[in-house]
Amino acid sequence: MAIRNGWDGALYVGTTSASSEVANLNSWTLSWTGDALEKTCFGQNDRTYDPGERSAVVDFAGYYESTKAGQKYFVDYMKGNATNTAVTVYCYYKRTTARLGFRGSGPITALTIGGAVDGLVPISGSVQISGGMSTV
C-alpha cells in the first residue's frame with residue numbers, strides 16, 4: 001500500500017451505511033489491543049503466553065460546531081436525546097475517489113467539549129468497538 005497523507009482522512013458516524021461525516025476533525029486514531037494469557041508452569045525459567053481476546057477503540061478530536069450532523073449525533077447520544085444503540089464508525093484514511101479504511105460498531109464511551117477564551121472550542125471522544133473491525 002502506498003503511503004497516505006493525513007489530510008485525505010475522515011471519520012463518518014451513523015447506525016447504517018447512510019452515515020454523516022464528523023466535520024471539523026483534525027485527527028482520529030484506531031487502536032487495537034490484545035490480551036496475553038499467561039500459561040507459565042512451575043519449574044519454567046521464562047514466562048509463556050497464549051493470545052487472548054482482542055479489542056479496538058476509535059478516538060477522535062477536532063473543533064466543535066453544533067450544527068454539524070456528525071458531531072450532533074455524538075452530543076445527542078451522550079445527552080440521552082438519541083436511542084442508546086451501537087454506533088457505526090467509518091475511519092477512512094482515503095476518502096477521495098474509492099474510499100479506503102475500516103468500519104466497526106459499538107457504544108460511544110467518551111465525549112469531551114471544552115473551550116478557552118483565546119481559541120476554538122475543542123471536541124474529542126471515543127467509541128469502544130464491539131466485535132472487531134472490518135476493512136472498507
# chains A, B, ... in the order shown; residues from 1 in each chain; ligands from 1
$ residues_around --residues "stretch 103-112 of chain A" --least-positions-apart "4" --cutoff "6 Å" --atoms "only C-alpha atoms" --output "list in words"
Ala86, Val87, Thr88, Val89, Tyr90, Ile123, Ser124, Gly125, Ser126, Val127, Gln128, Ile129, Ser130, Met133 and Ser134 of chain A
$ write_last_selection --atoms "N, CA and C atoms" --output "tab-separated table (two decimals), in the first residue's frame"
chain	number	residue	atom	x	y	z
A	86	ALA	N	-25.76	0.85	19.49
A	86	ALA	CA	-24.38	0.91	19.00
A	86	ALA	C	-24.32	1.85	17.81
A	87	VAL	N	-23.22	2.55	17.73
A	87	VAL	CA	-22.98	3.47	16.62
A	87	VAL	C	-21.95	2.83	15.69
A	88	THR	N	-22.12	3.03	14.39
A	88	THR	CA	-21.15	2.54	13.42
A	88	THR	C	-20.24	3.68	13.02
A	89	VAL	N	-18.94	3.44	13.09
A	89	VAL	CA	-17.96	4.45	12.68
A	89	VAL	C	-17.18	3.92	11.48
A	90	TYR	N	-16.89	4.83	10.57
A	90	TYR	CA	-16.09	4.55	9.39
A	90	TYR	C	-14.84	5.42	9.49
A	123	ILE	N	-13.44	19.41	20.57
A	123	ILE	CA	-14.29	18.26	20.83
A	123	ILE	C	-13.43	17.01	20.67
A	124	SER	N	-13.65	16.02	21.52
A	124	SER	CA	-12.96	14.75	21.40
A	124	SER	C	-13.86	13.66	21.96
A	125	GLY	N	-13.60	12.44	21.56
A	125	GLY	CA	-14.42	11.34	22.05
A	125	GLY	C	-13.84	9.99	21.69
A	126	SER	N	-14.56	8.95	22.12
A	126	SER	CA	-14.13	7.57	21.90
A	126	SER	C	-15.33	6.67	21.63
A	127	VAL	N	-15.10	5.67	20.79
A	127	VAL	CA	-16.08	4.62	20.55
A	127	VAL	C	-15.38	3.29	20.82
A	128	GLN	N	-15.93	2.49	21.74
A	128	GLN	CA	-15.41	1.16	22.05
A	128	GLN	C	-16.01	0.18	21.05
A	129	ILE	N	-15.18	-0.39	20.19
A	129	ILE	CA	-15.66	-1.27	19.14
A	129	ILE	C	-16.03	-2.64	19.71
A	130	SER	N	-17.19	-3.13	19.29
A	130	SER	CA	-17.69	-4.43	19.74
A	130	SER	C	-17.69	-5.39	18.56
A	133	MET	N	-13.17	-4.95	13.86
A	133	MET	CA	-13.20	-4.00	12.75
A	133	MET	C	-13.12	-4.76	11.44
A	134	SER	N	-13.71	-4.20	10.39
A	134	SER	CA	-13.57	-4.76	9.05
A	134	SER	C	-13.03	-3.67	8.12
$ residues_around --residues "stretch 115-121 of chain A" --least-positions-apart "4" --cutoff "9 Å" --atoms "only C-alpha atoms" --output "PDB file with all heavy atoms, in the first residue's frame"
ATOM      1  N   GLY A  62     -11.055  17.298  17.350  1.00  0.00           N
ATOM      2  CA  GLY A  62     -11.178  18.381  16.389  1.00  0.00           C
ATOM      3  C   GLY A  62     -11.793  19.599  17.042  1.00  0.00           C
ATOM      4  O   GLY A  62     -11.559  19.859  18.225  1.00  0.00           O
ATOM      5  N   TYR A  63     -12.604  20.323  16.268  1.00  0.00           N
ATOM      6  CA  TYR A  63     -13.202  21.572  16.738  1.00  0.00           C
ATOM      7  C   TYR A  63     -14.714  21.487  16.645  1.00  0.00           C
ATOM      8  O   TYR A  63     -15.263  21.061  15.635  1.00  0.00           O
ATOM      9  CB  TYR A  63     -12.653  22.756  15.926  1.00  0.00           C
ATOM     10  CG  TYR A  63     -11.157  22.817  16.084  1.00  0.00           C
ATOM     11  CD1 TYR A  63     -10.315  22.401  15.071  1.00  0.00           C
ATOM     12  CD2 TYR A  63     -10.595  23.225  17.285  1.00  0.00           C
ATOM     13  CE1 TYR A  63      -8.942  22.406  15.235  1.00  0.00           C
ATOM     14  CE2 TYR A  63      -9.223  23.225  17.457  1.00  0.00           C
ATOM     15  CZ  TYR A  63      -8.407  22.819  16.436  1.00  0.00           C
ATOM     16  OH  TYR A  63      -7.056  22.803  16.616  1.00  0.00           O
ATOM     17  N   TYR A  64     -15.391  21.885  17.705  1.00  0.00           N
ATOM     18  CA  TYR A  64     -16.829  21.723  17.844  1.00  0.00           C
ATOM     19  C   TYR A  64     -17.611  22.737  17.020  1.00  0.00           C
ATOM     20  O   TYR A  64     -17.292  23.909  16.988  1.00  0.00           O
ATOM     21  CB  TYR A  64     -17.210  21.862  19.315  1.00  0.00           C
ATOM     22  CG  TYR A  64     -18.685  21.690  19.575  1.00  0.00           C
ATOM     23  CD1 TYR A  64     -19.319  20.487  19.306  1.00  0.00           C
ATOM     24  CD2 TYR A  64     -19.439  22.733  20.095  1.00  0.00           C
ATOM     25  CE1 TYR A  64     -20.668  20.328  19.549  1.00  0.00           C
ATOM     26  CE2 TYR A  64     -20.791  22.578  20.347  1.00  0.00           C
ATOM     27  CZ  TYR A  64     -21.398  21.374  20.068  1.00  0.00           C
ATOM     28  OH  TYR A  64     -22.733  21.221  20.309  1.00  0.00           O
ATOM     29  N   GLU A  65     -18.646  22.225  16.345  1.00  0.00           N
ATOM     30  CA  GLU A  65     -19.617  23.065  15.661  1.00  0.00           C
ATOM     31  C   GLU A  65     -20.975  22.387  15.806  1.00  0.00           C
ATOM     32  O   GLU A  65     -21.206  21.315  15.246  1.00  0.00           O
ATOM     33  CB  GLU A  65     -19.246  23.247  14.187  1.00  0.00           C
ATOM     34  CG  GLU A  65     -20.132  24.255  13.510  1.00  0.00           C
ATOM     35  CD  GLU A  65     -19.685  24.582  12.097  1.00  0.00           C
ATOM     36  OE1 GLU A  65     -18.536  24.292  11.743  1.00  0.00           O
ATOM     37  OE2 GLU A  65     -20.510  25.125  11.353  1.00  0.00           O
TER      38      GLU A  65
END
$ closest_residue --among "A:Met78, A:Cys41, A:Val58, A:Val136" --to "A:Arg95" --atoms "only C-alpha atoms"
A:Val136
$ select_by_dssp --residues "stretch 43-122 of chain A" --states "strand (DSSP E or B)" --output "MDAnalysis selection string"
chainID A and resid 49:63 87:94 100:106 108:113 122
$ write_last_selection --atoms "C-alpha atoms" --output "PDB file, in the first residue's frame"
ATOM      1  CA  TYR A  49       1.797 -16.696  26.925  1.00  0.00           C
ATOM      2  CA  ASP A  50      -1.071 -17.518  24.595  1.00  0.00           C
ATOM      3  CA  PRO A  51      -3.008 -14.882  22.654  1.00  0.00           C
ATOM      4  CA  GLY A  52      -6.289 -13.807  24.220  1.00  0.00           C
ATOM      5  CA  GLU A  53      -9.177 -11.568  23.261  1.00  0.00           C
ATOM      6  CA  ARG A  54      -8.687  -8.502  21.054  1.00  0.00           C
ATOM      7  CA  SER A  55     -10.366  -5.119  21.334  1.00  0.00           C
ATOM      8  CA  ALA A  56     -10.403  -1.879  19.392  1.00  0.00           C
ATOM      9  CA  VAL A  57     -11.122   1.758  20.238  1.00  0.00           C
ATOM     10  CA  VAL A  58     -11.647   4.715  17.895  1.00  0.00           C
ATOM     11  CA  ASP A  59     -10.620   8.099  19.336  1.00  0.00           C
ATOM     12  CA  PHE A  60     -11.210  11.398  17.564  1.00  0.00           C
ATOM     13  CA  ALA A  61     -10.504  15.085  18.108  1.00  0.00           C
ATOM     14  CA  GLY A  62     -11.178  18.381  16.389  1.00  0.00           C
ATOM     15  CA  TYR A  63     -13.202  21.572  16.738  1.00  0.00           C
ATOM     16  CA  VAL A  87     -22.978   3.470  16.622  1.00  0.00           C
ATOM     17  CA  THR A  88     -21.152   2.536  13.420  1.00  0.00           C
ATOM     18  CA  VAL A  89     -17.965   4.449  12.677  1.00  0.00           C
ATOM     19  CA  TYR A  90     -16.087   4.552   9.393  1.00  0.00           C
ATOM     20  CA  CYS A  91     -12.408   5.505   9.728  1.00  0.00           C
ATOM     21  CA  TYR A  92     -11.232   6.465   6.253  1.00  0.00           C
ATOM     22  CA  TYR A  93      -7.553   7.001   5.582  1.00  0.00           C
ATOM     23  CA  LYS A  94      -8.512   7.679   1.941  1.00  0.00           C
ATOM     24  CA  LEU A 100     -10.418   3.008   1.948  1.00  0.00           C
ATOM     25  CA  GLY A 101     -10.450   2.429   5.678  1.00  0.00           C
ATOM     26  CA  PHE A 102     -12.086   0.499   8.500  1.00  0.00           C
ATOM     27  CA  ARG A 103     -15.610   0.031   9.855  1.00  0.00           C
ATOM     28  CA  GLY A 104     -16.805  -1.053  13.287  1.00  0.00           C
ATOM     29  CA  SER A 105     -19.678  -0.607  15.722  1.00  0.00           C
ATOM     30  CA  GLY A 106     -20.003  -0.098  19.447  1.00  0.00           C
ATOM     31  CA  ILE A 108     -19.788   5.843  22.482  1.00  0.00           C
ATOM     32  CA  THR A 109     -17.774   5.745  25.698  1.00  0.00           C
ATOM     33  CA  ALA A 110     -16.496   9.322  25.976  1.00  0.00           C
ATOM     34  CA  LEU A 111     -17.236  12.791  24.671  1.00  0.00           C
ATOM     35  CA  THR A 112     -15.473  15.984  25.752  1.00  0.00           C
ATOM     36  CA  ILE A 113     -16.274  19.539  24.662  1.00  0.00           C
ATOM     37  CA  PRO A 122     -12.366  21.519  21.022  1.00  0.00           C
TER      38      PRO A 122
END
$ select_by_dssp --residues "chain A" --states "alpha helix (DSSP H)" --output "ChimeraX atom specification"
/A:69-79
$ closest_residue --among "A:Ser19, A:Thr85, A:Leu25, A:Lys72" --to "A:Gly6" --atoms "only C-alpha atoms"
A:Leu25
$ closest_residue --among "A:Thr135, A:Ser31, A:Ser66, A:Thr96" --to "A:Ala10" --atoms "only C-alpha atoms"
A:Thr96
$ decode --residues "stretch 78-112 of chain A" --atoms "N, CA, C and O atoms" --output "PDB file, in the first residue's frame"
ATOM      1  N   MET A  78     -24.864  11.226  23.831  1.00  0.00           N
ATOM      2  CA  MET A  78     -24.375  11.347  25.206  1.00  0.00           C
ATOM      3  C   MET A  78     -25.353  12.108  26.106  1.00  0.00           C
ATOM      4  O   MET A  78     -25.407  11.875  27.298  1.00  0.00           O
ATOM      5  N   LYS A  79     -26.142  13.015  25.544  1.00  0.00           N
ATOM      6  CA  LYS A  79     -27.132  13.753  26.328  1.00  0.00           C
ATOM      7  C   LYS A  79     -28.386  12.925  26.579  1.00  0.00           C
ATOM      8  O   LYS A  79     -29.247  13.324  27.345  1.00  0.00           O
ATOM      9  N   GLY A  80     -28.509  11.793  25.919  1.00  0.00           N
ATOM     10  CA  GLY A  80     -29.677  10.952  26.098  1.00  0.00           C
ATOM     11  C   GLY A  80     -30.823  11.313  25.174  1.00  0.00           C
ATOM     12  O   GLY A  80     -31.933  10.844  25.361  1.00  0.00           O
ATOM     13  N   ASN A  81     -30.567  12.146  24.168  1.00  0.00           N
ATOM     14  CA  ASN A  81     -31.609  12.532  23.220  1.00  0.00           C
ATOM     15  C   ASN A  81     -31.781  11.510  22.104  1.00  0.00           C
ATOM     16  O   ASN A  81     -32.711  11.618  21.325  1.00  0.00           O
ATOM     17  N   ALA A  82     -30.869  10.587  21.998  1.00  0.00           N
ATOM     18  CA  ALA A  82     -30.936   9.575  20.940  1.00  0.00           C
ATOM     19  C   ALA A  82     -31.062   8.196  21.590  1.00  0.00           C
ATOM     20  O   ALA A  82     -30.771   8.028  22.773  1.00  0.00           O
ATOM     21  N   THR A  83     -31.494   7.226  20.817  1.00  0.00           N
ATOM     22  CA  THR A  83     -31.616   5.880  21.360  1.00  0.00           C
ATOM     23  C   THR A  83     -30.240   5.334  21.706  1.00  0.00           C
ATOM     24  O   THR A  83     -29.255   5.619  21.028  1.00  0.00           O
ATOM     25  N   ASN A  84     -30.186   4.569  22.750  1.00  0.00           N
ATOM     26  CA  ASN A  84     -28.923   4.032  23.253  1.00  0.00           C
ATOM     27  C   ASN A  84     -28.571   2.751  22.495  1.00  0.00           C
ATOM     28  O   ASN A  84     -28.738   1.648  22.998  1.00  0.00           O
ATOM     29  N   THR A  85     -28.125   2.909  21.264  1.00  0.00           N
ATOM     30  CA  THR A  85     -27.749   1.775  20.431  1.00  0.00           C
ATOM     31  C   THR A  85     -26.294   1.924  20.013  1.00  0.00           C
ATOM     32  O   THR A  85     -25.697   2.991  20.158  1.00  0.00           O
ATOM     33  N   ALA A  86     -25.764   0.848  19.490  1.00  0.00           N
ATOM     34  CA  ALA A  86     -24.384   0.908  18.996  1.00  0.00           C
ATOM     35  C   ALA A  86     -24.322   1.852  17.806  1.00  0.00           C
ATOM     36  O   ALA A  86     -25.250   1.959  17.012  1.00  0.00           O
ATOM     37  N   VAL A  87     -23.217   2.553  17.726  1.00  0.00           N
ATOM     38  CA  VAL A  87     -22.978   3.470  16.622  1.00  0.00           C
ATOM     39  C   VAL A  87     -21.947   2.828  15.692  1.00  0.00           C
ATOM     40  O   VAL A  87     -21.055   2.130  16.141  1.00  0.00           O
ATOM     41  N   THR A  88     -22.118   3.033  14.389  1.00  0.00           N
ATOM     42  CA  THR A  88     -21.152   2.536  13.420  1.00  0.00           C
ATOM     43  C   THR A  88     -20.242   3.681  13.017  1.00  0.00           C
ATOM     44  O   THR A  88     -20.725   4.762  12.681  1.00  0.00           O
ATOM     45  N   VAL A  89     -18.943   3.442  13.089  1.00  0.00           N
ATOM     46  CA  VAL A  89     -17.965   4.449  12.677  1.00  0.00           C
ATOM     47  C   VAL A  89     -17.176   3.916  11.480  1.00  0.00           C
ATOM     48  O   VAL A  89     -16.886   2.734  11.389  1.00  0.00           O
ATOM     49  N   TYR A  90     -16.887   4.833  10.572  1.00  0.00           N
ATOM     50  CA  TYR A  90     -16.087   4.552   9.393  1.00  0.00           C
ATOM     51  C   TYR A  90     -14.843   5.420   9.486  1.00  0.00           C
ATOM     52  O   TYR A  90     -14.946   6.642   9.476  1.00  0.00           O
ATOM     53  N   CYS A  91     -13.689   4.803   9.631  1.00  0.00           N
ATOM     54  CA  CYS A  91     -12.408   5.505   9.728  1.00  0.00           C
ATOM     55  C   CYS A  91     -11.727   5.409   8.373  1.00  0.00           C
ATOM     56  O   CYS A  91     -11.156   4.370   8.030  1.00  0.00           O
ATOM     57  N   TYR A  92     -11.827   6.466   7.589  1.00  0.00           N
ATOM     58  CA  TYR A  92     -11.232   6.465   6.253  1.00  0.00           C
ATOM     59  C   TYR A  92      -9.857   7.107   6.280  1.00  0.00           C
ATOM     60  O   TYR A  92      -9.701   8.233   6.737  1.00  0.00           O
ATOM     61  N   TYR A  93      -8.865   6.395   5.781  1.00  0.00           N
ATOM     62  CA  TYR A  93      -7.553   7.001   5.582  1.00  0.00           C
ATOM     63  C   TYR A  93      -7.438   7.514   4.145  1.00  0.00           C
ATOM     64  O   TYR A  93      -6.526   8.241   3.813  1.00  0.00           O
ATOM     65  N   LYS A  94      -8.395   7.125   3.292  1.00  0.00           N
ATOM     66  CA  LYS A  94      -8.512   7.679   1.941  1.00  0.00           C
ATOM     67  C   LYS A  94      -9.997   7.880   1.681  1.00  0.00           C
ATOM     68  O   LYS A  94     -10.750   6.915   1.596  1.00  0.00           O
ATOM     69  N   ARG A  95     -10.427   9.129   1.583  1.00  0.00           N
ATOM     70  CA  ARG A  95     -11.850   9.387   1.377  1.00  0.00           C
ATOM     71  C   ARG A  95     -12.174   9.907  -0.018  1.00  0.00           C
ATOM     72  O   ARG A  95     -13.327   9.999  -0.376  1.00  0.00           O
ATOM     73  N   THR A  96     -11.173  10.294  -0.780  1.00  0.00           N
ATOM     74  CA  THR A  96     -11.427  10.748  -2.142  1.00  0.00           C
ATOM     75  C   THR A  96     -11.471   9.547  -3.078  1.00  0.00           C
ATOM     76  O   THR A  96     -10.870   8.513  -2.803  1.00  0.00           O
ATOM     77  N   THR A  97     -12.170   9.671  -4.170  1.00  0.00           N
ATOM     78  CA  THR A  97     -12.402   8.592  -5.144  1.00  0.00           C
ATOM     79  C   THR A  97     -12.858   7.338  -4.410  1.00  0.00           C
ATOM     80  O   THR A  97     -13.833   7.370  -3.684  1.00  0.00           O
ATOM     81  N   ALA A  98     -12.183   6.229  -4.570  1.00  0.00           N
ATOM     82  CA  ALA A  98     -12.579   4.989  -3.898  1.00  0.00           C
ATOM     83  C   ALA A  98     -12.137   5.047  -2.432  1.00  0.00           C
ATOM     84  O   ALA A  98     -10.954   5.096  -2.138  1.00  0.00           O
ATOM     85  N   ARG A  99     -13.098   5.052  -1.512  1.00  0.00           N
ATOM     86  CA  ARG A  99     -12.787   5.165  -0.090  1.00  0.00           C
ATOM     87  C   ARG A  99     -12.117   3.899   0.426  1.00  0.00           C
ATOM     88  O   ARG A  99     -12.486   2.780   0.082  1.00  0.00           O
ATOM     89  N   LEU A 100     -11.124   4.109   1.301  1.00  0.00           N
ATOM     90  CA  LEU A 100     -10.418   3.008   1.948  1.00  0.00           C
ATOM     91  C   LEU A 100     -10.355   3.280   3.438  1.00  0.00           C
ATOM     92  O   LEU A 100     -10.126   4.413   3.858  1.00  0.00           O
ATOM     93  N   GLY A 101     -10.540   2.245   4.234  1.00  0.00           N
ATOM     94  CA  GLY A 101     -10.450   2.429   5.678  1.00  0.00           C
ATOM     95  C   GLY A 101     -11.009   1.239   6.432  1.00  0.00           C
ATOM     96  O   GLY A 101     -10.936   0.099   5.965  1.00  0.00           O
ATOM     97  N   PHE A 102     -11.606   1.527   7.582  1.00  0.00           N
ATOM     98  CA  PHE A 102     -12.086   0.499   8.500  1.00  0.00           C
ATOM     99  C   PHE A 102     -13.481   0.866   9.000  1.00  0.00           C
ATOM    100  O   PHE A 102     -13.822   2.035   9.099  1.00  0.00           O
ATOM    101  N   ARG A 103     -14.256  -0.165   9.330  1.00  0.00           N
ATOM    102  CA  ARG A 103     -15.610   0.031   9.855  1.00  0.00           C
ATOM    103  C   ARG A 103     -15.808  -0.858  11.081  1.00  0.00           C
ATOM    104  O   ARG A 103     -15.361  -1.995  11.117  1.00  0.00           O
ATOM    105  N   GLY A 104     -16.468  -0.295  12.092  1.00  0.00           N
ATOM    106  CA  GLY A 104     -16.805  -1.053  13.287  1.00  0.00           C
ATOM    107  C   GLY A 104     -17.951  -0.394  14.027  1.00  0.00           C
ATOM    108  O   GLY A 104     -18.289   0.760  13.763  1.00  0.00           O
ATOM    109  N   SER A 105     -18.545  -1.123  14.958  1.00  0.00           N
ATOM    110  CA  SER A 105     -19.678  -0.607  15.722  1.00  0.00           C
ATOM    111  C   SER A 105     -19.463  -0.838  17.203  1.00  0.00           C
ATOM    112  O   SER A 105     -18.802  -1.789  17.604  1.00  0.00           O
ATOM    113  N   GLY A 106     -20.064   0.052  18.001  1.00  0.00           N
ATOM    114  CA  GLY A 106     -20.003  -0.098  19.447  1.00  0.00           C
ATOM    115  C   GLY A 106     -20.544   1.142  20.126  1.00  0.00           C
ATOM    116  O   GLY A 106     -20.971   2.105  19.479  1.00  0.00           O
ATOM    117  N   PRO A 107     -20.527   1.146  21.451  1.00  0.00           N
ATOM    118  CA  PRO A 107     -21.043   2.290  22.191  1.00  0.00           C
ATOM    119  C   PRO A 107     -20.058   3.457  22.219  1.00  0.00           C
ATOM    120  O   PRO A 107     -18.846   3.255  22.210  1.00  0.00           O
ATOM    121  N   ILE A 108     -20.603   4.659  22.244  1.00  0.00           N
ATOM    122  CA  ILE A 108     -19.788   5.843  22.482  1.00  0.00           C
ATOM    123  C   ILE A 108     -19.452   5.847  23.963  1.00  0.00           C
ATOM    124  O   ILE A 108     -20.345   5.812  24.807  1.00  0.00           O
ATOM    125  N   THR A 109     -18.181   5.856  24.294  1.00  0.00           N
ATOM    126  CA  THR A 109     -17.774   5.745  25.698  1.00  0.00           C
ATOM    127  C   THR A 109     -17.254   7.042  26.285  1.00  0.00           C
ATOM    128  O   THR A 109     -17.090   7.137  27.499  1.00  0.00           O
ATOM    129  N   ALA A 110     -16.987   8.042  25.463  1.00  0.00           N
ATOM    130  CA  ALA A 110     -16.496   9.322  25.976  1.00  0.00           C
ATOM    131  C   ALA A 110     -16.781  10.421  24.974  1.00  0.00           C
ATOM    132  O   ALA A 110     -16.737  10.201  23.764  1.00  0.00           O
ATOM    133  N   LEU A 111     -17.087  11.598  25.498  1.00  0.00           N
ATOM    134  CA  LEU A 111     -17.236  12.791  24.671  1.00  0.00           C
ATOM    135  C   LEU A 111     -16.856  13.985  25.527  1.00  0.00           C
ATOM    136  O   LEU A 111     -17.357  14.146  26.637  1.00  0.00           O
ATOM    137  N   THR A 112     -15.940  14.807  25.030  1.00  0.00           N
ATOM    138  CA  THR A 112     -15.473  15.984  25.752  1.00  0.00           C
ATOM    139  C   THR A 112     -15.574  17.203  24.845  1.00  0.00           C
ATOM    140  O   THR A 112     -15.118  17.161  23.705  1.00  0.00           O
TER     141      THR A 112
END
